[in-house]
Amino acid sequence: MKRLQDRITLVTGSSSGIGAAVAKCMAAEGAKVIVNYARSSKGAEAVVAEIKAEGGEAIAIQADVSQEDQVQSMFAQIFEHYGTIDVLVNNAGLQKDANLVDMTLEQWNQVIGVNLTGQFLCSREAVKEFKRRGVIPAQSCSAGNIICMSSVHEVIPWAGHCNYAASKGGVMLLMKSMAQELAPDKIRINSIAPGAIKTPINTDAWDTPAAEADLLKLIPYGRVGIPEDIGKAAVWLASDESEYVQGTTIFVDGGMTLYPGFATGG
Ligand code: BGC
């Protein structure tokens, strides 16, 4: 038996980047994966094709997670296709960077809408189903599992990105409050906080040797992360191996949150 055998797993925003790697790692462990995308049907179909080529199972479903009606329609399609859901990975996220005085309300609302409200909307639909179904002991010790994709910026302030940092700070207490509320129902909820991972969201930070050298000053472990670093952590958190982990954030960041400046200063 693989670690996530037949677990019905929705990964939001999985047409590229961290989400795509999480979807593929989950599928390699036997999960049936729903590859959600907002705009890139091409990217999502490519992830589905890769999973199938490896002998896995996946389908793609479009939905902008910031829109209540689209989230509800996505869950209706999942229930129609698979009957239920076991694992939700709240991964969809974006950046709209600007200094505070230049930040438009639209930039603020877009980031809060996708990164924070999207996690609320998807979690609410998943939890309704987890509560309805309850624990099936032959399948898992939990009644359902949610992984919130946070960021090191749930604790590291980030000048020029206050919408993004606020959204991830919000994810931290959304996750912990949901975890506290739903633990008695055996619904497991945790976060992963990636550091700098090589994906399209932060290409500027690593795609030239000078940029990468600068970035590495912030990473004690001495390499930039890759999406599979997050995929592996997600598999473990979604599996029963981590049964007693509840309401915590796992930092997968090469030590970025260890105040690297203090290695030589202070
Ligand atoms: C951001 C990236 C950034 C990383 C480390 C992530 O949450 O999306 O753009 O490189 O945090 O600062």
# chains A, B, ... in the order shown; residues from 1 in each chain; ligands from 1

$ residues_near_ligand --ligand "ligand 1" --cutoff "6 Å" --atoms "only C-alpha atoms and all ligand atoms" --output "short mmCIF file (atom, residue, chain, number, x, y, z; two decimals) with N, CA and C atoms, in the first residue's frame"
data_model
loop_
_atom_site.label_atom_id
_atom_site.label_comp_id
_atom_site.auth_asym_id
_atom_site.auth_seq_id
_atom_site.Cartn_x
_atom_site.Cartn_y
_atom_site.Cartn_z
N SER A 151 3.77 30.55 4.22
CA SER A 151 5.04 31.10 3.73
C SER A 151 5.86 31.47 4.95
N VAL A 152 7.18 31.58 4.75
CA VAL A 152 7.99 32.17 5.83
C VAL A 152 7.45 33.54 6.21
N HIS A 153 6.71 34.18 5.27
CA HIS A 153 6.17 35.51 5.55
C HIS A 153 4.90 35.46 6.40
N GLY A 195 10.12 28.49 2.24
CA GLY A 195 10.99 29.66 2.10
C GLY A 195 11.08 30.02 0.62
N ALA A 196 12.28 30.34 0.16
CA ALA A 196 12.44 30.68 -1.25
C ALA A 196 12.57 29.39 -2.06
N ILE A 201 6.71 32.31 -9.29
CA ILE A 201 6.28 33.47 -8.48
C ILE A 201 7.46 34.38 -8.12
N ASN A 202 8.68 33.81 -8.09
CA ASN A 202 9.82 34.60 -7.58
C ASN A 202 11.05 34.49 -8.50
#

$ select_by_dssp --residues "segment 48-196 of chain A" --states "helix (DSSP H, G or I)" --output "JSON, numbers by chain"
{"A": [48, 49, 50, 51, 52, 53, 68, 69, 70, 71, 72, 73, 74, 75, 76, 77, 78, 79, 80, 81, 82, 100, 101, 102, 105, 106, 107, 108, 109, 110, 111, 112, 113, 114, 115, 116, 117, 118, 119, 120, 121, 122, 123, 124, 125, 126, 127, 128, 129, 130, 131, 132, 133, 152, 153, 154, 162, 163, 164, 165, 166, 167, 168, 169, 170, 171, 172, 173, 174, 175, 176, 177, 178, 179, 180, 181, 182, 183, 184, 185]}

$ closest_residue --among "A:Glu154, A:Ala234, A:Gly169, A:Met74" --to "Asn91 of chain A" --atoms "only C-alpha atoms"
A:Ala234

$ residues_around --residues "Lys96 of chain A" --least-positions-apart "5" --cutoff "10 Å" --atoms "only C-alpha atoms" --output "JSON, numbers by chain"
{"A": [103, 104, 106, 107, 108, 109, 110, 111, 160, 161, 162, 163, 164]}

$ closest_residue --among "A:Asn90, A:Ser15, A:Thr208, A:Thr203" --to "Asn190 of chain A" --atoms "only C-alpha atoms"
A:Asn90

$ residues_around --residues "segment 27-32 of chain A" --least-positions-apart "5" --cutoff "8 Å" --atoms "only C-alpha atoms" --output "list of chain:residue names"
A:Lys2, A:Arg3, A:Leu4, A:Gln5, A:Asp6, A:Arg7, A:Ile8, A:Thr9, A:Ile51, A:Glu54, A:Gly56, A:Glu57, A:Ala58, A:Val235

$ closest_residue --among "A:Ile85, A:Met149, A:Leu121, A:Cys25" --to "Ile192 of chain A" --atoms "only C-alpha atoms"
A:Met149

$ atom_distance --atom1 "atom CA of Val101 of chain A" --atom2 "atom CA of Ser66 of chain A"
24.7 Å

$ closest_residue --among "A:Thr249, A:Glu125, A:Asp240, A:Tyr221" --to "Val171 of chain A" --atoms "only C-alpha atoms"
A:Thr249

$ closest_residue --among "A:Ile146, A:Ile136, A:Ile230, A:Leu116" --to "Pro194 of chain A" --atoms "only C-alpha atoms"
A:Ile230

$ atom_distance --atom1 "atom CA of Ile219 of chain A" --atom2 "atom CA of Ile156 of chain A"
13.4 Å

$ atom_distance --atom1 "atom CA of Gly118 of chain A" --atom2 "atom CA of Leu215 of chain A"
29.1 Å

$ select_by_dssp --residues "segment 21-241 of chain A" --states "strand (DSSP E)" --output "ChimeraX atom specification"
/A:32-37,57-62,87-90,144-149,187-194

$ residues_around --residues "Val65 of chain A" --least-positions-apart "3" --cutoff "8 Å" --atoms "only C-alpha atoms" --output "PDB file with C-alpha atoms, in the first residue's frame"
ATOM      1  CA  THR A  12      -5.646  24.280  -5.494  1.00  0.00           C
ATOM      2  CA  ALA A  38      -7.768  29.472 -12.249  1.00  0.00           C
ATOM      3  CA  GLU A  68     -17.583  31.499  -3.628  1.00  0.00           C
ATOM      4  CA  GLN A  70     -16.735  28.825  -8.379  1.00  0.00           C
ATOM      5  CA  VAL A  71     -15.453  27.042  -5.260  1.00  0.00           C
ATOM      6  CA  ALA A  92      -3.387  28.694  -4.663  1.00  0.00           C
ATOM      7  CA  VAL A 114      -6.926  34.368  -3.375  1.00  0.00           C
ATOM      8  CA  THR A 117     -10.378  34.114   1.490  1.00  0.00           C
ATOM      9  CA  GLY A 118      -9.693  31.285  -0.971  1.00  0.00           C
ATOM     10  CA  GLN A 119      -8.341  29.118   1.847  1.00  0.00           C
ATOM     11  CA  LEU A 121     -13.870  29.081   1.115  1.00  0.00           C
ATOM     12  CA  CYS A 122     -12.207  25.777   0.164  1.00  0.00           C
TER      13      CYS A 122
END

$ decode --residues "segment 2-98 of chain A" --atoms "C-alpha atoms" --output "PDB file, in the first residue's frame"
ATOM      1  CA  LYS A   2       1.259   3.454  -0.880  1.00  0.00           C
ATOM      2  CA  ARG A   3       1.092   6.150   1.780  1.00  0.00           C
ATOM      3  CA  LEU A   4      -1.885   7.995   0.220  1.00  0.00           C
ATOM      4  CA  GLN A   5      -3.540   5.067  -1.554  1.00  0.00           C
ATOM      5  CA  ASP A   6      -6.839   6.216  -3.155  1.00  0.00           C
ATOM      6  CA  ARG A   7      -7.015   9.414  -1.072  1.00  0.00           C
ATOM      7  CA  ILE A   8      -9.104  11.933  -3.007  1.00  0.00           C
ATOM      8  CA  THR A   9      -6.928  15.009  -2.922  1.00  0.00           C
ATOM      9  CA  LEU A  10      -7.647  18.531  -4.142  1.00  0.00           C
ATOM     10  CA  VAL A  11      -4.603  20.717  -4.706  1.00  0.00           C
ATOM     11  CA  THR A  12      -5.646  24.280  -5.494  1.00  0.00           C
ATOM     12  CA  GLY A  13      -3.456  26.234  -7.893  1.00  0.00           C
ATOM     13  CA  SER A  14      -1.602  23.160  -9.070  1.00  0.00           C
ATOM     14  CA  SER A  15      -1.054  23.993 -12.735  1.00  0.00           C
ATOM     15  CA  SER A  16       2.500  25.146 -11.937  1.00  0.00           C
ATOM     16  CA  GLY A  17       5.087  25.745  -9.230  1.00  0.00           C
ATOM     17  CA  ILE A  18       4.713  24.313  -5.740  1.00  0.00           C
ATOM     18  CA  GLY A  19       1.146  23.142  -6.401  1.00  0.00           C
ATOM     19  CA  ALA A  20       2.181  21.090  -9.433  1.00  0.00           C
ATOM     20  CA  ALA A  21       4.940  19.380  -7.429  1.00  0.00           C
ATOM     21  CA  VAL A  22       2.560  18.669  -4.538  1.00  0.00           C
ATOM     22  CA  ALA A  23       0.015  17.181  -6.972  1.00  0.00           C
ATOM     23  CA  LYS A  24       2.672  14.926  -8.542  1.00  0.00           C
ATOM     24  CA  CYS A  25       4.186  13.810  -5.226  1.00  0.00           C
ATOM     25  CA  MET A  26       0.710  13.001  -3.845  1.00  0.00           C
ATOM     26  CA  ALA A  27      -0.219  11.064  -7.001  1.00  0.00           C
ATOM     27  CA  ALA A  28       3.041   9.091  -6.823  1.00  0.00           C
ATOM     28  CA  GLU A  29       1.902   7.960  -3.348  1.00  0.00           C
ATOM     29  CA  GLY A  30      -1.400   6.695  -4.724  1.00  0.00           C
ATOM     30  CA  ALA A  31      -3.664   9.730  -4.274  1.00  0.00           C
ATOM     31  CA  LYS A  32      -6.376  10.533  -6.817  1.00  0.00           C
ATOM     32  CA  VAL A  33      -5.591  14.161  -7.506  1.00  0.00           C
ATOM     33  CA  ILE A  34      -7.775  17.061  -8.561  1.00  0.00           C
ATOM     34  CA  VAL A  35      -5.534  19.589 -10.283  1.00  0.00           C
ATOM     35  CA  ASN A  36      -7.265  22.932  -9.769  1.00  0.00           C
ATOM     36  CA  TYR A  37      -6.361  25.979 -11.846  1.00  0.00           C
ATOM     37  CA  ALA A  38      -7.768  29.472 -12.249  1.00  0.00           C
ATOM     38  CA  ARG A  39      -6.590  30.321 -15.765  1.00  0.00           C
ATOM     39  CA  SER A  40      -3.920  27.933 -17.077  1.00  0.00           C
ATOM     40  CA  SER A  41      -5.842  24.953 -18.436  1.00  0.00           C
ATOM     41  CA  LYS A  42      -2.737  24.084 -20.494  1.00  0.00           C
ATOM     42  CA  GLY A  43      -0.560  23.875 -17.378  1.00  0.00           C
ATOM     43  CA  ALA A  44      -3.177  21.848 -15.506  1.00  0.00           C
ATOM     44  CA  GLU A  45      -3.634  19.412 -18.387  1.00  0.00           C
ATOM     45  CA  ALA A  46       0.140  18.967 -18.584  1.00  0.00           C
ATOM     46  CA  VAL A  47       0.271  18.074 -14.858  1.00  0.00           C
ATOM     47  CA  VAL A  48      -2.633  15.633 -15.316  1.00  0.00           C
ATOM     48  CA  ALA A  49      -0.854  14.053 -18.322  1.00  0.00           C
ATOM     49  CA  GLU A  50       2.412  13.688 -16.368  1.00  0.00           C
ATOM     50  CA  ILE A  51       0.600  12.019 -13.475  1.00  0.00           C
ATOM     51  CA  LYS A  52      -1.185   9.609 -15.829  1.00  0.00           C
ATOM     52  CA  ALA A  53       2.061   8.813 -17.668  1.00  0.00           C
ATOM     53  CA  GLU A  54       3.458   7.653 -14.317  1.00  0.00           C
ATOM     54  CA  GLY A  55       0.429   5.382 -13.807  1.00  0.00           C
ATOM     55  CA  GLY A  56      -1.398   7.772 -11.464  1.00  0.00           C
ATOM     56  CA  GLU A  57      -4.897   9.224 -11.506  1.00  0.00           C
ATOM     57  CA  ALA A  58      -5.813  12.909 -11.878  1.00  0.00           C
ATOM     58  CA  ILE A  59      -8.394  15.280 -13.318  1.00  0.00           C
ATOM     59  CA  ALA A  60      -8.268  19.054 -13.853  1.00  0.00           C
ATOM     60  CA  ILE A  61     -10.995  21.413 -12.608  1.00  0.00           C
ATOM     61  CA  GLN A  62     -11.138  25.174 -13.169  1.00  0.00           C
ATOM     62  CA  ALA A  63     -12.100  27.524 -10.322  1.00  0.00           C
ATOM     63  CA  ASP A  64     -10.902  30.870  -9.028  1.00  0.00           C
ATOM     64  CA  VAL A  65     -10.717  30.078  -5.301  1.00  0.00           C
ATOM     65  CA  SER A  66     -11.517  33.680  -4.357  1.00  0.00           C
ATOM     66  CA  GLN A  67     -15.025  33.277  -5.820  1.00  0.00           C
ATOM     67  CA  GLU A  68     -17.583  31.499  -3.628  1.00  0.00           C
ATOM     68  CA  ASP A  69     -19.745  30.236  -6.510  1.00  0.00           C
ATOM     69  CA  GLN A  70     -16.735  28.825  -8.379  1.00  0.00           C
ATOM     70  CA  VAL A  71     -15.453  27.042  -5.260  1.00  0.00           C
ATOM     71  CA  GLN A  72     -18.877  25.513  -4.631  1.00  0.00           C
ATOM     72  CA  SER A  73     -19.157  24.404  -8.232  1.00  0.00           C
ATOM     73  CA  MET A  74     -15.667  22.819  -8.049  1.00  0.00           C
ATOM     74  CA  PHE A  75     -16.619  20.817  -4.952  1.00  0.00           C
ATOM     75  CA  ALA A  76     -19.895  19.736  -6.616  1.00  0.00           C
ATOM     76  CA  GLN A  77     -17.863  18.436  -9.572  1.00  0.00           C
ATOM     77  CA  ILE A  78     -15.471  16.599  -7.222  1.00  0.00           C
ATOM     78  CA  PHE A  79     -18.360  14.933  -5.374  1.00  0.00           C
ATOM     79  CA  GLU A  80     -19.996  13.996  -8.664  1.00  0.00           C
ATOM     80  CA  HIS A  81     -16.770  12.426  -9.937  1.00  0.00           C
ATOM     81  CA  TYR A  82     -15.309  10.853  -6.790  1.00  0.00           C
ATOM     82  CA  GLY A  83     -18.180  10.935  -4.243  1.00  0.00           C
ATOM     83  CA  THR A  84     -16.152  12.584  -1.475  1.00  0.00           C
ATOM     84  CA  ILE A  85     -12.839  14.287  -0.616  1.00  0.00           C
ATOM     85  CA  ASP A  86     -10.097  13.197   1.801  1.00  0.00           C
ATOM     86  CA  VAL A  87      -7.337  15.789   1.523  1.00  0.00           C
ATOM     87  CA  LEU A  88      -7.403  19.495   0.680  1.00  0.00           C
ATOM     88  CA  VAL A  89      -4.187  21.358  -0.071  1.00  0.00           C
ATOM     89  CA  ASN A  90      -4.939  25.092   0.042  1.00  0.00           C
ATOM     90  CA  ASN A  91      -2.095  26.043  -2.248  1.00  0.00           C
ATOM     91  CA  ALA A  92      -3.387  28.694  -4.663  1.00  0.00           C
ATOM     92  CA  GLY A  93      -1.597  31.966  -4.072  1.00  0.00           C
ATOM     93  CA  LEU A  94      -0.245  35.026  -5.828  1.00  0.00           C
ATOM     94  CA  GLN A  95       1.783  38.187  -5.319  1.00  0.00           C
ATOM     95  CA  LYS A  96       0.900  41.720  -6.431  1.00  0.00           C
ATOM     96  CA  ASP A  97       3.870  43.641  -5.116  1.00  0.00           C
ATOM     97  CA  ALA A  98       3.985  47.390  -4.439  1.00  0.00           C
TER      98      ALA A  98
END
